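J.: Got a structure here, written out as structure tokens. Questions coming.
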Amino acid sequence: MRIIGGKFKGKKLRPVPGTATRPTSDRAREAIFNIIGFEARDARVLDLYAGTGALGIEALSRGARSAVFIDASRQSLTVLQANLADLALEVPTSVIRWDLTHNLNCLRSMPRAFDLVFMDPPYNRNLIAPTLNHLHSSRSLENGARIVVEHSRQEPVETDLVAFEFADRRRYGKALVSFLNYVV
């Protein structure tokens with residue numbers, strides 16, 4: 001797994017050992033960033049279910065201002081912190097261990113609002129709608145924020161969500177990527 005573009009292009013990322021974490025493929029990551037284009041530049045990024053941090057790190061490589069990574073797995077967060085250290089990205093980042101299934105109260109003390117969010121929850125566990133509701137309840141999103149959700153075809157993103165406007169959906173192998181906008 002490598003960074004696809006930006007100042008860290010070609011740098012390798014450490015994988016999480018085992019099969020519990022399913023990283024976003026290089027092809028899907030490249031396509032996502034081709035679609036969102038310059039939205040990553042100067043963005044305040046939130047990477048939920050972060051795993052290795054590949055999506056948030058890709059955004060930082062392409063000029064994002066800062067990134068907050070959240071995951072519940074100690075093993076994933078250890079790998080993520082090593083990836084950040086390998087690229088000397090500790091300063092504009094925060095890493096939080098948090099169970100996203102309950103809420104996003106961990107964001108309430110953050111002084112900034114996010115304008116680009118990546119969500120890659122475990123497939124087929126019905127986590128998408130609750131996590132989006134937690135995002136809305138946390139009041140941590142800028143109006144117009146872009147949310148990118150990777151999910152399985154068996155668990156599509158609802159298109160009639162409160163505070164989220166469905167913008168696009170693409171298929172990459174077995175994965176779907178849905179693009180939403182936050183509108184309040």
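Simple scheme: letters A, B, ... for chains in structure tokens order, numbers from 1 for residues in each chain, numbers from 1 for ligands in the order shown.
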Find the spatial neighbours of stretch 37-48 of chain A, counting only C-alpha atoms, within a cut-off of 6 Å - ignore same-chain residues fewer than 5 positions away - and output them as a ChimeraX atom specification.
T.: /A:56,59,63-70,114-119
J.: With only C-alpha atoms as the counted atoms, please give the residues lying no more than 6 Å from stretch 51-53 of chain A, apart from itself and same-chain residues fewer than 2 positions off, as a PDB file with C-alpha atoms, in the first residue's frame.
T.:
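To be explicit, this is the file written out as around07.pdb:
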ATOM      1  CA  TYR A  49     -12.711   3.855  11.192  1.00  0.00           C
ATOM      2  CA  LEU A  55      -7.311   8.052   3.391  1.00  0.00           C
ATOM      3  CA  GLY A  56      -6.431  10.801   5.862  1.00  0.00           C
ATOM      4  CA  ILE A  57      -2.713  10.512   5.093  1.00  0.00           C
ATOM      5  CA  SER A  76      -4.807  -0.279  13.992  1.00  0.00           C
ATOM      6  CA  LEU A  80      -1.479   4.378  12.134  1.00  0.00           C
TER       7      LEU A  80
END
J.: Taking into account only C-alpha atoms, which residue in the set A:Asp120, A:Glu58, A:Glu155, A:Glu30 is nearest to A:Leu84?
T.: A:Glu58
J.: Would you list the contacts of stretch 101-107 of chain A as a list in words, taking every protein, DNA or RNA residue within 9 Å and counting only C-alpha atoms, but skipping same-chain residues closer than 2 positions in sequence?
T.: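 Those residues are Ile96, Trp98, Asp99, Ser109, Met110, Pro111, Leu127, Pro130, Thr131, Asn133, His134, Leu135, Ser137, Ser138, Arg139 and Ser140 of chain A.
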J.: Could you check how far atom CA of A:Gln75 sits from atom CA of A:Val16, in Å to one decimal?
T.: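 For atom CA of A:Gln75 relative to atom CA of A:Val16, the distance reads 7.1 Å.
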J.: Taking only chain A into account, list the residues labelled strand (DSSP E or B) by DSSP (computed from the backbone), as a PyMOL selection string.
T.: chain A and resi 2+12+44-48+66-71+93-97+114-119+141-152+164-172+175-182
J.: Give me the residues within 12 Å of A:Glu158 as a short mmCIF file (atom, residue, chain, number, x, y, z; two decimals) with C-alpha atoms, in the first residue's frame, counting only C-alpha atoms and dropping any in the same chain fewer than 3 places off.
T.:
data_model
loop_
_atom_site.label_atom_id
_atom_site.label_comp_id
_atom_site.auth_asym_id
_atom_site.auth_seq_id
_atom_site.Cartn_x
_atom_site.Cartn_y
_atom_site.Cartn_z
CA ASN A 126 -25.20 -1.45 9.85
CA LEU A 127 -22.80 1.27 11.01
CA ILE A 128 -23.22 3.84 8.25
CA ALA A 129 -26.49 5.56 9.24
CA PRO A 130 -25.70 5.59 12.99
CA LEU A 132 -23.68 9.74 10.08
CA ASN A 133 -26.22 10.56 12.80
CA VAL A 149 -18.18 6.57 2.60
CA HIS A 151 -19.16 0.40 1.92
CA GLN A 154 -25.11 -5.19 0.45
CA GLU A 155 -25.21 -2.12 2.69
CA LEU A 161 -30.69 11.15 5.37
CA VAL A 162 -31.38 14.22 7.48
CA PHE A 164 -26.85 14.87 4.33
CA GLU A 165 -27.37 15.28 0.61
CA PHE A 166 -26.49 12.35 -1.61
CA ALA A 167 -24.15 13.50 -4.40
CA ASP A 168 -22.69 10.46 -6.17
CA ARG A 169 -21.89 6.75 -5.91
CA SER A 178 -20.76 7.15 -1.81
CA PHE A 179 -20.22 10.90 -1.74
CA LEU A 180 -22.43 13.02 0.50
#
J.: When distances are computed from only C-alpha atoms, which of A:Ser25, A:Thr159, A:Ser61, A:Ser73 shows the smallest separation from A:Leu87?
T.: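 Residue with the minimum atom-to-atom distance to A:Leu87: A:Ser61.
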J.: Please report the interatomic distance between atom CA of A:Pro121 and atom CA of A:Glu150 in Å with one decimal.
T.: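 Computing the Euclidean distance for atom CA of A:Pro121 and atom CA of A:Glu150 yields 7.4 Å.
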J.: Using only C-alpha atoms, can you tell me which of A:Ala72, A:Leu89, A:Ile32, A:Leu176 comes closest to A:Phe8?
T.: A:Leu89
J.: Tell me which of A:Asn34, A:Ala145, A:Leu100, A:Asp86 sits closest to A:Pro122, counting only C-alpha atoms.
T.: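 Selected residue with least distance to A:Pro122: A:Leu100.
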J.: DSSP on the backbone, alpha helix (DSSP H) only: what residues of stretch 4-183 of chain A does that give? Format it as an MDAnalysis selection string.
T.: chainID A and resid 26:36 54:61 74:86 128:138
J.: Any idea what the distance is between atom CA of A:Arg108 and atom CA of A:Glu90?
T.: 21.2 Å
J.: Which of these residues is nearest to A:Arg27, using only C-alpha atoms: A:Asn181, A:Arg62, A:Ala113, A:Gly173?
T.: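 Ranking A:Asn181, A:Arg62, A:Ala113, A:Gly173 by distance to A:Arg27, first place goes to A:Gly173.
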